[in-house]
Each structure stands twice: as structure tokens, then as C-alpha cells.
$ cat data_34.txt   # compact mmCIF, C-alpha atoms and all ligand atoms
# COMPACT_ATOMS: atom_id res chain seq x y z
CA MET B 49 126.84 88.99 149.44
CA ILE B 50 128.54 88.13 152.75
CA HIS B 51 126.63 88.00 156.02
CA PHE B 52 128.10 87.18 159.43
CA ASP B 53 125.21 86.46 161.75
CA ASN B 54 126.33 86.46 165.39
CA VAL B 55 129.49 84.48 164.58
CA THR B 56 131.74 83.17 167.33
CA LYS B 57 134.79 81.07 166.52
CA VAL B 58 136.78 79.23 169.17
CA TYR B 59 139.68 77.13 167.88
CA LYS B 60 140.28 73.74 169.43
CA ASN B 61 142.34 73.94 172.61
CA GLN B 62 142.03 77.76 172.72
CA GLY B 63 140.23 79.40 175.60
CA ARG B 64 139.90 82.81 174.02
CA PRO B 65 137.56 83.09 171.01
CA ALA B 66 139.20 84.21 167.74
CA LEU B 67 135.88 85.91 166.85
CA GLN B 68 133.04 86.82 169.21
CA HIS B 69 129.45 87.67 168.26
CA VAL B 70 130.44 89.17 164.93
CA ASN B 71 127.61 90.71 162.91
CA VAL B 72 128.65 92.18 159.57
CA ALA B 73 126.69 92.43 156.31
CA ILE B 74 128.64 93.17 153.14
CA GLU B 75 126.61 94.06 150.06
CA LYS B 76 127.41 93.05 146.50
CA GLY B 77 129.95 95.46 145.02
CA GLU B 78 131.20 96.83 148.34
CA PHE B 79 134.87 97.39 149.17
CA LEU B 80 135.69 96.71 152.80
CA PHE B 81 138.93 97.15 154.74
CA LEU B 82 139.26 94.76 157.67
CA VAL B 83 141.69 96.27 160.18
CA GLY B 84 142.94 95.46 163.65
CA PRO B 85 146.12 94.32 165.37
CA SER B 86 147.78 90.98 164.72
CA GLY B 87 145.73 88.21 166.35
CA SER B 88 142.48 90.22 166.30
CA GLY B 89 140.72 87.71 164.02
CA LYS B 90 141.10 89.08 160.48
CA SER B 91 142.39 85.86 158.90
CA THR B 92 139.77 83.83 160.74
CA PHE B 93 137.10 86.12 159.26
CA LEU B 94 138.44 85.46 155.74
CA ARG B 95 138.79 81.69 156.32
CA LEU B 96 135.15 81.46 157.46
CA ILE B 97 134.01 83.01 154.15
CA LEU B 98 135.89 80.24 152.28
CA LYS B 99 134.53 77.57 154.61
CA GLU B 100 138.12 76.72 155.56
CA GLU B 101 136.88 77.06 159.14
CA ARG B 102 133.39 76.72 160.59
CA PRO B 103 131.80 78.96 163.18
CA SER B 104 131.46 77.57 166.71
CA GLN B 105 128.23 79.58 166.96
CA GLY B 106 126.24 81.65 164.49
CA HIS B 107 126.10 81.49 160.72
CA VAL B 108 128.03 82.77 157.73
CA HIS B 109 126.04 83.35 154.55
CA VAL B 110 127.72 83.85 151.17
CA ALA B 111 125.68 84.75 148.09
CA GLY B 112 122.50 83.93 149.97
CA LYS B 113 123.65 80.49 151.13
CA ASP B 114 124.19 79.45 154.73
CA LEU B 115 127.64 77.84 154.61
CA SER B 116 126.76 75.44 157.42
CA ARG B 117 124.20 73.92 155.05
CA LEU B 118 126.61 73.69 152.13
CA THR B 119 127.57 70.07 151.54
CA ASN B 120 131.26 69.25 151.33
CA TRP B 121 131.13 68.42 147.66
CA LYS B 122 129.85 71.97 146.94
CA VAL B 123 132.72 73.69 148.78
CA PRO B 124 135.04 73.66 145.73
CA HIS B 125 132.28 75.40 143.76
CA LEU B 126 132.05 78.10 146.45
CA ARG B 127 135.83 78.60 146.46
CA ARG B 128 135.91 78.86 142.68
CA ARG B 129 133.69 81.90 142.95
CA ILE B 130 135.98 83.61 145.47
CA GLY B 131 139.40 84.91 144.38
CA CYS B 132 142.21 85.12 146.95
CA VAL B 133 145.30 87.29 147.12
CA PHE B 134 148.00 86.89 149.79
CA GLN B 135 150.88 88.90 151.19
CA ASP B 136 153.46 86.49 149.73
CA PHE B 137 152.06 86.39 146.14
CA ARG B 138 152.20 82.55 145.84
CA LEU B 139 153.10 82.48 142.14
CA LEU B 140 154.33 79.34 140.43
CA PRO B 141 158.05 80.15 140.04
CA ASN B 142 158.65 78.14 136.89
CA LYS B 143 155.68 79.51 134.96
CA ASN B 144 155.66 82.91 133.26
CA VAL B 145 153.03 85.60 133.82
CA PHE B 146 150.68 84.29 131.13
CA GLU B 147 151.02 80.69 132.37
CA ASN B 148 150.48 81.64 136.02
CA VAL B 149 147.20 83.35 135.13
CA ALA B 150 146.17 80.69 132.59
CA PHE B 151 146.74 77.91 135.13
CA ALA B 152 143.78 79.14 137.21
CA LEU B 153 141.55 78.47 134.19
CA GLU B 154 143.22 75.24 133.06
CA VAL B 155 142.55 73.55 136.41
CA ILE B 156 138.83 74.22 136.02
CA GLY B 157 138.83 72.86 132.48
CA LYS B 158 138.35 76.04 130.45
CA PRO B 159 139.04 75.59 126.72
CA ARG B 160 142.36 76.77 125.31
CA ARG B 161 140.62 79.27 122.98
CA PHE B 162 138.86 80.94 125.90
CA ILE B 163 142.11 81.06 127.90
CA ALA B 164 143.98 82.64 124.98
CA LYS B 165 141.34 85.38 124.81
CA VAL B 166 140.76 86.28 128.46
CA VAL B 167 144.25 85.97 129.95
CA PRO B 168 145.72 88.87 127.92
CA GLU B 169 142.68 91.00 128.84
CA VAL B 170 143.26 90.46 132.54
CA ILE B 171 147.03 90.99 132.20
CA ASP B 172 146.20 94.40 130.68
CA LEU B 173 143.62 95.14 133.39
CA VAL B 174 146.25 94.78 136.12
CA GLY B 175 148.74 96.94 134.23
CA LEU B 176 151.18 94.27 133.04
CA GLU B 177 150.77 94.71 129.27
CA GLY B 178 153.94 93.60 127.49
CA LYS B 179 155.10 91.43 130.41
CA ALA B 180 153.20 88.21 129.69
CA HIS B 181 156.40 86.29 129.03
CA ARG B 182 158.33 87.43 132.12
CA MET B 183 159.14 84.90 134.81
CA PRO B 184 158.19 85.83 138.40
CA ASP B 185 161.86 86.40 139.38
CA GLU B 186 162.13 88.96 136.58
CA LEU B 187 159.39 91.09 138.14
CA SER B 188 159.36 93.58 141.00
CA GLY B 189 157.31 92.75 144.10
CA GLY B 190 154.57 95.08 142.95
CA GLU B 191 154.43 93.39 139.58
CA GLN B 192 154.32 89.92 141.14
CA GLN B 193 151.35 91.01 143.22
CA ARG B 194 149.64 92.27 140.03
CA VAL B 195 150.08 88.78 138.55
CA ALA B 196 148.57 87.25 141.69
CA ILE B 197 145.59 89.62 141.40
CA ALA B 198 145.17 88.76 137.71
CA ARG B 199 145.16 85.07 138.58
CA ALA B 200 142.59 85.61 141.35
CA PHE B 201 140.34 87.65 139.06
CA VAL B 202 140.62 85.86 135.71
CA ASN B 203 137.67 83.59 136.55
CA ARG B 204 135.56 86.70 137.36
CA PRO B 205 134.82 85.74 140.99
CA MET B 206 131.91 87.35 142.79
CA ILE B 207 134.19 88.07 145.77
CA LEU B 208 137.89 88.90 146.04
CA LEU B 209 139.56 88.33 149.43
CA ALA B 210 142.95 89.98 149.96
CA ASP B 211 145.00 89.21 153.08
CA GLU B 212 147.63 91.95 153.60
CA PRO B 213 148.19 92.32 149.84
CA THR B 214 150.54 95.30 150.28
CA GLY B 215 152.40 93.81 153.26
CA ASN B 216 155.55 93.01 151.27
CA ILE B 217 155.46 96.04 148.98
CA ASP B 218 156.90 99.53 149.34
CA PRO B 219 154.44 102.40 149.93
CA ALA B 220 154.64 103.97 146.46
CA THR B 221 154.03 100.63 144.75
CA SER B 222 151.21 99.80 147.19
CA ILE B 223 149.13 102.68 145.84
CA GLY B 224 149.32 101.06 142.38
CA ILE B 225 148.23 97.69 143.78
CA MET B 226 145.34 99.35 145.55
CA LYS B 227 144.26 101.06 142.32
CA VAL B 228 144.14 97.64 140.65
CA LEU B 229 141.94 96.27 143.45
CA ASP B 230 139.75 99.35 143.13
CA ARG B 231 139.44 98.76 139.37
CA ILE B 232 138.39 95.17 140.03
CA ASN B 233 135.86 96.36 142.60
CA ARG B 234 134.38 98.73 140.02
CA THR B 235 133.59 95.76 137.76
CA GLY B 236 131.09 94.73 140.48
CA THR B 237 133.28 92.30 142.43
CA THR B 238 132.92 92.54 146.21
CA VAL B 239 136.37 93.10 147.78
CA VAL B 240 137.34 92.36 151.38
CA MET B 241 140.90 93.37 152.22
CA ALA B 242 142.56 92.64 155.57
CA THR B 243 145.32 95.16 156.11
CA HIS B 244 147.73 96.92 158.47
CA ASP B 245 148.45 99.56 155.87
CA ALA B 246 147.23 102.80 157.46
CA ALA B 247 148.37 104.98 154.55
CA ILE B 248 146.34 102.91 152.07
CA VAL B 249 143.21 102.85 154.23
CA ASP B 250 143.41 106.60 154.82
CA ALA B 251 144.05 107.37 151.13
CA PHE B 252 141.16 105.32 149.71
CA ARG B 253 138.40 106.01 152.26
CA LYS B 254 136.35 102.81 151.96
CA ARG B 255 134.22 101.08 154.57
CA VAL B 256 136.36 100.07 157.57
CA VAL B 257 135.53 97.22 159.97
CA GLU B 258 137.91 97.11 162.93
CA LEU B 259 138.44 93.97 165.02
CA GLU B 260 139.93 93.89 168.49
CA ASP B 261 140.25 90.59 170.35
CA GLY B 262 137.75 89.04 167.95
CA ARG B 263 135.07 91.69 168.41
CA VAL B 264 133.92 94.30 165.92
CA VAL B 265 134.77 97.59 167.63
CA ARG B 266 134.09 99.85 164.63
CA ASP B 267 132.17 99.69 161.34
CA GLN B 268 132.48 102.95 159.49
CA SER B 269 131.71 103.98 155.92
CA ARG B 270 134.45 106.01 154.23
CA GLY B 271 136.55 105.27 157.29
CA VAL B 272 140.18 105.79 158.24
CA TYR B 273 142.70 103.35 159.70
CA GLY B 274 142.95 104.63 163.24
CA GLN B 275 140.04 106.23 164.98
CA ALA B 276 140.79 109.26 167.13
CA TYR B 277 138.95 108.26 170.30
P1 LIG M 301 144.78 88.11 162.52
O1 LIG M 301 144.59 87.63 161.12
O2 LIG M 301 144.06 89.37 162.83
O3 LIG M 301 146.24 88.18 162.90
P2 LIG M 301 143.84 85.45 163.31
O4 LIG M 301 142.47 85.26 162.80
O5 LIG M 301 144.98 84.82 162.58
O6 LIG M 301 144.11 87.03 163.50
O7 LIG M 301 143.92 84.95 164.82
C1 LIG M 301 142.93 85.23 165.80
C2 LIG M 301 143.22 84.39 167.04
O8 LIG M 301 142.99 83.02 166.75
C3 LIG M 301 144.66 84.48 167.53
O9 LIG M 301 144.63 84.41 168.94
C4 LIG M 301 145.29 83.25 166.94
O10 LIG M 301 146.37 82.82 167.74
C5 LIG M 301 144.16 82.25 166.95
N1 LIG M 301 144.26 81.28 165.84
C6 LIG M 301 144.28 81.56 164.52
N2 LIG M 301 144.33 80.44 163.78
C7 LIG M 301 144.35 79.41 164.66
C8 LIG M 301 144.40 77.98 164.54
N3 LIG M 301 144.42 77.39 163.33
N4 LIG M 301 144.39 77.24 165.68
C9 LIG M 301 144.36 77.83 166.89
N5 LIG M 301 144.31 79.15 167.08
C10 LIG M 301 144.31 79.94 165.99
P1 LIG M 302 158.30 98.78 141.24
O1 LIG M 302 158.16 100.27 140.98
O2 LIG M 302 157.06 98.01 140.85
O3 LIG M 302 158.86 98.41 142.56
P2 LIG M 302 160.94 98.28 140.28
O4 LIG M 302 161.46 99.71 140.30
O5 LIG M 302 161.37 97.31 141.28
O6 LIG M 302 159.35 98.31 140.15
O7 LIG M 302 161.25 97.67 138.87
C1 LIG M 302 161.28 98.48 137.70
C2 LIG M 302 161.39 97.59 136.47
O8 LIG M 302 162.50 96.71 136.58
C3 LIG M 302 160.18 96.73 136.29
O9 LIG M 302 159.64 96.93 135.00
C4 LIG M 302 160.64 95.30 136.46
O10 LIG M 302 160.08 94.47 135.48
C5 LIG M 302 162.10 95.36 136.33
N1 LIG M 302 162.70 94.48 137.33
C6 LIG M 302 162.62 94.59 138.68
N2 LIG M 302 163.28 93.60 139.30
C7 LIG M 302 163.79 92.83 138.32
C8 LIG M 302 164.60 91.64 138.29
N3 LIG M 302 165.01 91.02 139.41
N4 LIG M 302 164.94 91.13 137.10
C9 LIG M 302 164.53 91.73 135.96
N5 LIG M 302 163.79 92.86 135.91
C10 LIG M 302 163.43 93.40 137.05

$ encode --input "data_34.txt" --output "C-alpha cells"
Amino acid sequence: MIHFDNVTKVYKNQGRPALQHVNVAIEKGEFLFLVGPSGSGKSTFLRLILKEERPSQGHVHVAGKDLSRLTNWKVPHLRRRIGCVFQDFRLLPNKNVFENVAFALEVIGKPRRFIAKVVPEVIDLVGLEGKAHRMPDELSGGEQQRVAIARAFVNRPMILLADEPTGNIDPATSIGIMKVLDRINRTGTTVVMATHDAAIVDAFRKRVVELEDGRVVRDQSRGVYGQAY
């Protein structure tokens, strides 16, 4: 589903590569934790999958397509098939839960009837039944992140990218968020989650890819956050 083939990324005016000779293959339906200190290249890895950045060397393939051969006008189509969740939720503050999720479908022209059917299903899937009419500022941080996940998933993307999704959430609530991501993964969606959350990584025992100074230093199935060297 996602294939990094000897990818090096050097940003303009930066001597040190953000990623160096990265080779990672992620199969359809996998759940992968991307770990490593701040500045190790995790966000760059995610941005390459969205074609928000291009490799300086090597190739990124998504769903069998080499992104360097994807014409610009097809990039929106790629991004539509990839859901994104961020640390800071990024909800529309003056829309309620239903409207925040529905908006993701309205902008791609889905009919009102379809929206009315699928939005409540996804609100239930993320555990927000009964809260469709709440405004974001009437929700806890954990609940706001559930809305953001619902919005990212409502179009049934093939891939969900999550960048520090539990970074602004207390530990007890983070477990609930992780269970939602796990539920989404079990529908067949490939999930890549960049995280610093050692407790979450250790509790869920998924594949762990660790970056250090832009290099993959560990790729472990059912891994933990910190390796005892
Ligand atoms: P992480 O997400 O692990 O914190 P990043 O991918 O954001 O790591 O950063 C990797 C390296 O690339 C860092 O040295 C960072 O300063 C640099 N970097 C990230 N984005 C840019 C950019 N847009 N321009 C220049 N350098 C960048
Ligand atoms: P969590 O366990 O997700 O952190 P909280 O304990 O913060 O949840 O919130 C518990 C309940 O209180 C939730 O159902 C939430 O909807 C409600 N709530 C939290 N913050 C607010 C707020 N600022 N205004 C209205 N309701 C709130």
C-alpha cells in the first residue's frame, strides 16, 4: 500500500537530510507506529505519502503508483483517499459535530441523502453517539479528536495518517482514541501513526518503525516504544 524505495529527502538550504535511504514497505491493512525523537523525520515521512513533499532521491509508491509519476492534477485524488488526523484536531469551531464530519463529504460533492446516512454511522463508530449537535468547545479534548477521526474516515480512505494524535490528550483518554484508530484499522484501512506516546505504543504492540536523524534504525513487528539495547 505504501512503499518507500531508498528515499532521501534534503530540504532546500538544509545540509543534513531529513530522511536518508529509507526503505519501508507497508502492506494493506497494516497498523504502523512511526517513532523517534523530534526532528528525526516522522512528519517528512507522512508528507511524502501525501505528495506534499517530493523525495530528493528514491521513490514513494502509494497504492501501486509511483508518486513521482503522478501528475499534479491527480494529487487531489490521491489526497482524497488518505485521511489525516493531527495533534491539534483542526475542527471548524462554528460547526457542530455532524457538520464537521459532513463537511468532508460536501466538499467532494456527495449527495445530501448519502451524507445524512453515513455521517451518523461514523459518529457512532468513533463513540460519539448522542453528541452530533455539540459544538467543538462543548467537547473534551478526547471527544474533539474523535470528531477529527470521524471526519478523516467518513470518506472510507484506504490510508489513515495520524501525526501525534494523542499529543494533546491525557493518558486515560488516549487509550480510547487508540481503540478508535484500531477499530478503523480493522475495517481494512492502513494506519500510519507518528507518535511520542510510549505508553500507547507499548500497550498496543503493533509494528514499530523507529527513525533517528532521518534513518530507519529499527523495524519491528509487535514492537515497543523504546528498545533495550
Ligand atoms: P519530526 O516529525 O520527527 O519532528 P521532521 O520531519 O519535522 O521531523 O523534521 C526532520 C528534519 O527536517 C528536521 O531537521 C527539520 O528541521 C527539517 N525540516 C522539516 N521540515 C522542513 C522544511 N519545510 N524546511 C526545512 N527543513 C525542514
Ligand atoms: P474525557 O474523559 O474525554 O477527557 P471529560 O471528563 O473532559 O472527558 O468530559 C466529560 C464530559 O463532559 C464529556 O461528555 C464532555 O462532553 C463534557 N464536557 C467536557 N468539557 C466540556 C465543556 N467545555 N463544555 C461542555 N461539556 C463539556

$ closest_residue --input "data_34.txt" --among "B:Lys122, B:Arg199, B:Arg263, B:His244" --to "Phe151 (chain B)" --atoms "only C-alpha atoms"
B:Arg199

$ residues_near_ligand --input "data_34.txt" --ligand "ligand LIG 302 (chain M)" --cutoff "9 Å" --atoms "all atoms listed in the file" --output "MDAnalysis selection string"
chainID B and resid 179 182:192 217:218 220:222 224

$ residues_around --input "data_34.txt" --residues "Thr243 (chain B)" --least-positions-apart "5" --cutoff "8 Å" --atoms "only C-alpha atoms" --output "PDB file with C-alpha atoms, keeping the file's coordinate frame"
ATOM      1  CA  PHE B  81     138.930  97.150 154.740  1.00  0.00           C
ATOM      2  CA  LEU B  82     139.260  94.760 157.670  1.00  0.00           C
ATOM      3  CA  VAL B  83     141.690  96.270 160.180  1.00  0.00           C
ATOM      4  CA  GLY B  84     142.940  95.460 163.650  1.00  0.00           C
ATOM      5  CA  ASP B 211     145.000  89.210 153.080  1.00  0.00           C
ATOM      6  CA  GLU B 212     147.630  91.950 153.600  1.00  0.00           C
ATOM      7  CA  PRO B 213     148.190  92.320 149.840  1.00  0.00           C
ATOM      8  CA  THR B 214     150.540  95.300 150.280  1.00  0.00           C
ATOM      9  CA  GLY B 215     152.400  93.810 153.260  1.00  0.00           C
TER      10      GLY B 215
END

$ residues_around --input "data_34.txt" --residues "Arg127 (chain B)" --least-positions-apart "2" --cutoff "10 Å" --atoms "all atoms listed in the file" --output "list of chain:residue names"
B:Ile97, B:Leu98, B:Lys99, B:Glu100, B:Lys122, B:Val123, B:Pro124, B:His125, B:Arg129, B:Ile130, B:Gly131, B:Cys132, B:Pro205, B:Ile207

$ atom_distance --input "data_34.txt" --atom1 "CA of Ser116 (chain B)" --atom2 "CA of Leu96 (chain B)"
10.3 Å

$ residues_near_point --input "data_34.txt" --point "(125.4, 83.4, 164.0)" --cutoff "6 Å" --atoms "only C-alpha atoms" --output "PyMOL selection string"
chain B and resi 53-55+105-107

$ residues_near_ligand --input "data_34.txt" --ligand "ligand LIG 301 (chain M)" --cutoff "6 Å" --atoms "all atoms listed in the file" --output "list in words"
Tyr59, Ala66, Pro85, Ser86, Gly87, Ser88, Gly89, Lys90, Ser91 and Thr92 of chain B

$ atom_distance --input "data_34.txt" --atom1 "CA of Asp245 (chain B)" --atom2 "CA of Ile232 (chain B)"
19.3 Å

$ atom_distance --input "data_34.txt" --atom1 "CA of Val167 (chain B)" --atom2 "CA of Val195 (chain B)"
10.8 Å

$ residues_around --input "data_34.txt" --residues "Ala111 (chain B)" --least-positions-apart "6" --cutoff "9 Å" --atoms "all atoms listed in the file" --output "list in words"
Met49, Ile50, His51, Lys76 and Met206 of chain B
